[in-house]
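model-v6.cif follows (mmCIF, C-alpha atoms and all ligand atoms):
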```
data_run
#
loop_
_atom_site.label_atom_id
_atom_site.label_comp_id
_atom_site.auth_asym_id
_atom_site.auth_seq_id
_atom_site.Cartn_x
_atom_site.Cartn_y
_atom_site.Cartn_z
CA MET P 1 39.93 20.31 28.93
CA ARG P 2 41.55 23.68 29.64
CA HIS P 3 40.99 26.59 27.29
CA THR P 4 43.46 29.37 26.66
CA TYR P 5 42.43 33.01 26.98
CA ARG P 6 42.54 33.19 23.16
CA ASP P 7 40.10 30.23 22.83
CA LEU P 8 37.68 32.04 25.09
CA GLN P 9 37.97 35.24 23.07
CA VAL P 10 37.25 33.38 19.82
CA ARG P 11 34.22 31.74 21.41
CA GLN P 12 32.97 35.10 22.64
CA MET P 13 32.91 36.79 19.25
CA LYS P 14 29.79 38.86 18.64
CA TYR P 15 28.31 39.54 15.22
CA ARG P 16 26.05 42.39 14.12
CA LEU P 17 25.15 44.66 11.22
CA PRO P 18 26.88 48.07 11.09
CA GLU P 19 25.27 51.16 12.61
CA ILE P 20 25.69 54.84 11.86
CA ASN P 21 27.73 55.36 15.03
CA ASP P 22 30.29 52.69 14.02
CA LYS P 23 31.88 55.24 11.67
CA ASP P 24 34.98 55.87 13.79
CA ILE P 25 35.80 52.23 14.48
CA LEU P 26 35.38 51.37 10.80
CA GLN P 27 37.58 54.29 9.80
CA THR P 28 40.31 52.99 12.12
CA TYR P 29 39.80 49.47 10.71
CA VAL P 30 40.27 50.76 7.15
CA LEU P 31 43.36 52.81 8.13
CA GLU P 32 45.00 49.77 9.70
CA HIS P 33 44.67 47.93 6.38
CA HIS P 34 46.03 50.90 4.44
CA ASP P 35 48.99 51.15 6.83
CA ASN P 36 49.59 47.47 6.09
CA GLY P 37 49.64 48.16 2.33
CA GLU P 38 46.17 46.70 1.70
CA THR P 39 43.86 48.87 -0.36
CA ASN P 40 41.26 46.18 -1.08
CA ILE P 41 39.48 45.43 2.16
CA SER P 42 37.86 42.02 2.08
CA ALA P 43 34.12 41.75 2.73
CA SER P 44 33.80 45.52 3.07
CA LEU P 45 31.47 46.09 0.09
CA GLY P 46 33.26 49.24 -0.99
CA LEU P 47 33.38 50.81 2.47
CA SER P 48 36.52 52.91 1.91
CA SER P 49 35.22 54.46 -1.32
CA SER P 50 31.64 55.09 -0.16
CA ASP P 51 29.82 57.77 1.74
CA TYR P 52 29.48 56.14 5.18
CA THR P 53 25.77 56.82 5.71
CA GLU P 54 24.95 55.51 2.24
CA TRP P 55 27.08 52.44 2.90
CA VAL P 56 25.21 51.62 6.13
CA THR P 57 21.88 52.10 4.35
CA LYS P 58 23.01 49.79 1.53
CA ILE P 59 24.10 47.07 3.98
CA LYS P 60 20.81 47.29 5.87
CA ASN P 61 18.79 47.18 2.66
CA ASN P 62 20.78 44.13 1.52
CA GLY P 63 19.92 42.44 4.81
CA PHE P 64 16.25 43.32 4.96
CA PHE P 65 15.11 43.60 1.34
CA GLY P 66 17.91 42.15 -0.77
CA ASP P 67 19.37 43.19 -4.06
CA GLU P 68 17.86 42.21 -7.41
CA GLN P 69 21.06 40.56 -8.61
CA TRP P 70 22.65 39.29 -5.38
CA GLY P 71 19.58 38.44 -3.30
CA LYS P 72 19.61 39.04 0.45
CA SER P 73 22.96 39.18 2.18
CA LEU P 74 24.42 40.00 5.57
CA LEU P 75 27.51 42.01 6.33
CA TYR P 76 28.47 41.50 9.93
CA LEU P 77 30.99 43.37 12.02
CA CYS P 78 32.75 40.80 14.21
CA PHE P 79 33.73 41.94 17.69
CA VAL P 80 35.61 40.67 20.68
CA GLU P 81 34.50 42.87 23.54
CA ASP P 82 34.55 46.36 22.00
CA LYS P 83 37.23 45.64 19.40
CA LEU P 84 36.29 45.21 15.76
CA ILE P 85 38.20 42.12 14.66
CA GLY P 86 36.91 41.52 11.16
CA LEU P 87 34.17 41.74 8.55
CA LEU P 88 32.03 38.83 7.40
CA SER P 89 29.88 38.82 4.28
CA ILE P 90 27.23 36.11 3.97
CA ARG P 91 25.47 36.05 0.59
CA TYR P 92 22.98 33.36 1.38
CA GLU P 93 20.66 33.96 -1.57
CA LEU P 94 23.20 34.10 -4.38
CA PRO P 95 22.12 32.61 -7.70
CA GLU P 96 24.26 29.54 -8.50
CA VAL P 97 26.13 31.22 -11.35
CA LEU P 98 27.32 34.04 -9.04
CA SER P 99 28.01 31.64 -6.20
CA GLU P 100 30.34 29.65 -8.48
CA LYS P 101 32.14 32.81 -9.56
CA TYR P 102 32.37 34.83 -6.34
CA GLY P 103 31.60 32.42 -3.51
CA ASP P 104 28.82 32.68 -0.95
CA ILE P 105 30.93 33.91 1.95
CA GLY P 106 33.71 36.48 2.28
CA TYR P 107 35.76 37.57 5.28
CA GLY P 108 38.69 39.62 6.41
CA VAL P 109 40.50 40.09 9.71
CA ARG P 110 42.36 43.27 10.70
CA PRO P 111 46.13 42.83 10.28
CA SER P 112 46.96 43.13 13.99
CA GLU P 113 44.56 40.31 14.91
CA ARG P 114 45.51 37.71 12.32
CA ASN P 115 46.68 34.16 12.98
CA ARG P 116 44.73 33.89 16.23
CA GLY P 117 41.88 31.71 15.01
CA TYR P 118 39.39 34.51 14.34
CA ALA P 119 38.74 33.83 10.63
CA THR P 120 38.21 30.15 11.38
CA ALA P 121 35.60 31.09 14.00
CA MET P 122 33.97 33.66 11.70
CA LEU P 123 33.61 31.20 8.83
CA ASN P 124 32.23 28.61 11.25
CA TYR P 125 29.61 31.15 12.36
CA ALA P 126 28.77 32.03 8.72
CA LEU P 127 28.18 28.34 8.00
CA SER P 128 25.75 28.13 10.92
CA VAL P 129 23.85 31.14 9.52
CA CYS P 130 23.68 29.52 6.06
CA ARG P 131 22.46 26.28 7.61
CA GLU P 132 19.72 28.20 9.44
CA LYS P 133 18.71 29.84 6.16
CA GLY P 134 18.20 26.37 4.66
CA LEU P 135 21.30 26.09 2.47
CA GLU P 136 22.72 22.60 2.03
CA LYS P 137 26.09 23.65 0.62
CA VAL P 138 28.19 26.74 0.07
CA ILE P 139 30.99 27.58 -2.31
CA LEU P 140 34.01 29.65 -1.30
CA GLY P 141 36.63 31.07 -3.60
CA CYS P 142 40.14 32.25 -2.84
CA TYR P 143 43.37 32.84 -4.68
CA LYS P 144 45.69 29.86 -4.64
CA GLU P 145 48.47 31.90 -3.04
CA ASN P 146 46.22 32.95 -0.14
CA LEU P 147 47.39 30.15 2.14
CA ALA P 148 45.73 31.61 5.23
CA SER P 149 42.31 31.77 3.58
CA ALA P 150 42.69 28.28 2.07
CA ALA P 151 43.61 26.92 5.53
CA THR P 152 40.60 28.71 7.05
CA ILE P 153 38.31 27.07 4.50
CA ARG P 154 39.86 23.61 4.87
CA LYS P 155 39.59 23.78 8.64
CA ASN P 156 35.85 24.33 8.15
CA GLY P 157 35.46 21.24 5.96
CA GLY P 158 36.13 22.81 2.55
CA ILE P 159 36.92 20.46 -0.33
CA LEU P 160 38.73 21.84 -3.37
CA ILE P 161 36.42 21.40 -6.38
CA ASP P 162 37.76 23.67 -9.12
CA GLU P 163 40.47 26.10 -10.10
CA ASN P 164 41.03 28.46 -12.98
CA GLU P 165 43.62 30.95 -14.05
CA ASN P 166 42.83 34.58 -14.58
CA TYR P 167 45.26 35.33 -17.42
CA LYS P 168 44.86 39.09 -17.06
CA GLU P 169 45.86 39.01 -13.39
CA GLY P 170 48.13 35.99 -13.72
CA ARG P 171 46.55 34.49 -10.60
CA ILE P 172 44.85 31.18 -9.96
CA SER P 173 41.43 31.16 -8.28
CA GLN P 174 40.44 28.09 -6.35
CA TYR P 175 36.94 27.06 -5.37
CA TYR P 176 35.94 24.99 -2.37
CA LEU P 177 32.68 23.25 -1.51
CA ILE P 178 31.41 22.93 2.04
CA ASN P 179 28.43 20.63 2.59
CA LEU P 180 26.31 21.91 5.46
C1 LIG D 1 42.72 35.11 5.35
C2 LIG D 1 42.47 35.73 6.72
C3 LIG D 1 41.02 36.12 6.82
C4 LIG D 1 42.82 34.68 7.80
O1 LIG D 1 42.47 35.22 9.06
P1 LIG D 1 43.08 34.70 10.40
O2 LIG D 1 42.23 35.18 11.51
O3 LIG D 1 44.51 35.07 10.45
O4 LIG D 1 42.95 33.11 10.24
P2 LIG D 1 43.08 32.04 11.40
O5 LIG D 1 43.88 32.60 12.52
O6 LIG D 1 41.72 31.51 11.71
O7 LIG D 1 43.97 30.93 10.72
C5 LIG D 1 43.42 29.96 9.88
C6 LIG D 1 44.53 29.06 9.39
O8 LIG D 1 45.37 29.79 8.48
C7 LIG D 1 46.72 29.61 8.87
N1 LIG D 1 47.43 30.83 8.54
C8 LIG D 1 47.25 32.05 9.09
N2 LIG D 1 48.09 32.94 8.50
C9 LIG D 1 48.79 32.24 7.58
C10 LIG D 1 49.79 32.60 6.64
N3 LIG D 1 50.21 33.86 6.54
N4 LIG D 1 50.30 31.62 5.84
C11 LIG D 1 49.85 30.35 5.92
N5 LIG D 1 48.87 29.97 6.79
C12 LIG D 1 48.38 30.90 7.61
C13 LIG D 1 46.66 29.38 10.36
O9 LIG D 1 47.83 28.76 10.80
C14 LIG D 1 45.42 28.53 10.48
O10 LIG D 1 45.70 27.18 10.14
P3 LIG D 1 46.17 26.11 11.23
O11 LIG D 1 45.26 26.26 12.39
O12 LIG D 1 46.05 24.84 10.49
O13 LIG D 1 47.55 26.49 11.59
C15 LIG D 1 43.38 36.96 6.98
O14 LIG D 1 44.71 36.63 6.69
C16 LIG D 1 42.97 38.17 6.14
O15 LIG D 1 42.12 38.96 6.55
N6 LIG D 1 43.60 38.32 4.98
C17 LIG D 1 43.25 39.41 4.04
C18 LIG D 1 41.84 39.24 3.50
C19 LIG D 1 41.62 37.89 2.85
O16 LIG D 1 42.50 37.31 2.25
N7 LIG D 1 40.38 37.42 2.97
C20 LIG D 1 39.94 36.17 2.35
C21 LIG D 1 39.64 36.39 0.91
S1 LIG D 1 39.34 34.84 0.10
#
```
Could you express the structure from this file as structure tokens?
Ligand SMILES: CC(C)(COP(=O)(O)OP(=O)(O)OC[C@H]1O[C@@H](n2cnc3c(N)ncnc32)[C@H](O)[C@@H]1OP(=O)(O)O)[C@@H](O)C(=O)NCCC(=O)NCCS
Amino acid sequence: MRHTYRDLQVRQMKYRLPEINDKDILQTYVLEHHDNGETNISASLGLSSSDYTEWVTKIKNNGFFGDEQWGKSLLYLCFVEDKLIGLLSIRYELPEVLSEKYGDIGYGVRPSERNRGYATAMLNYALSVCREKGLEKVILGCYKENLASAATIRKNGGILIDENENYKEGRISQYYLINL
């Protein structure tokens, strides 16, 4: 079977925690979202409103020691070659009540790199991490109107299990289960 150049790029994605010297590439990543009218940057854990050094320290602490409420979690920068493609948040120790409300995994892809299969590959990688950590299932949440995210989840085996309306926001949240 022949693979396209894009298939190879997706397969060659690299994942790692942020470092202090990633400041410039993350700043550019944030700006690209802002230029696209997006102020909330998925899976960024408050990056754009935080002091960068404190943010990196927080992410590392979450990975190594965990947070009292959220448990241990990973926030990976996802690269193809030297380009930051997206952010991936894996909250593999979430208590069930938080998992059902917020989902165990979050992700975002920079606007210029969307619709190329990256989020599908990132979620697939997150599932392999959760499997390694001993999880047998994960829950993912997304707004009903977020067709791209819903497709990403379904392509990774997600089954719709619940939905509820947030009357304040007037939006419907949907929840998917993926058995690992
Ligand atoms: C959701 C998001 C992560 C998808 O990233 P992506 O890299 O473009 O996703 P993929 O290329 O892997 O595409 C996955 C599927 O979504 C579909 N898709 C992509 N963009 C779409 C769109 N605008 N409308 C409908 N479907 C879309 C793709 O066609 C693909 O399905 P298919 O293979 O069956 O055709 C990206 O749009 C994003 O970062 N959005 C903002 C942040 C966000 O919503 N994060 C998720 C929060 S729950």
Exercise for review: List the neighbours of Ser42 of chain P out to 7 Å using only C-alpha atoms; skip same-chain residues closer than 6 positions along the sequence, and give me the result as a list of chain:residue names.
Suggested key: P:Gly106, P:Tyr107, P:Gly108
Would you mind exporting the chosen residues as a compact mmCIF listing (two decimals), keeping the file's coordinate frame, restricted to C-alpha atoms?
```
# COMPACT_ATOMS: atom_id res chain seq x y z
CA GLY P 106 33.71 36.48 2.28
CA TYR P 107 35.76 37.57 5.28
CA GLY P 108 38.69 39.62 6.41
```
Practice item. Extract, using only C-alpha atoms, all DNA, RNA and protein residues at most 12 Å from Val97 of chain P, discarding same-chain residues fewer than 6 positions from it, and format them as a list in words. Key: Gln69, Trp70, Gly103, Asp104 and Ile139 of chain P
Exercise for review: Output the neighbourhood of ligand LIG 1 (chain D) as a count of residues only, that is, all protein and nucleic acid residues with some atom at most 10 Å from the ligand, counting all atoms listed in the file.
Suggested key: 53
Practice item. Tell me which of P:Leu94, P:Cys78, P:Leu180, P:Leu8 sits closest to Asn62 of chain P, counting only C-alpha atoms. Key: P:Leu94
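Of the residues under consideration (P:Asp24, P:Asp82, P:Gly71, P:Ile159), P:Gly71 shows the shortest atom-to-atom contact distance to Leu98 of chain P when counting all atoms listed in the file.
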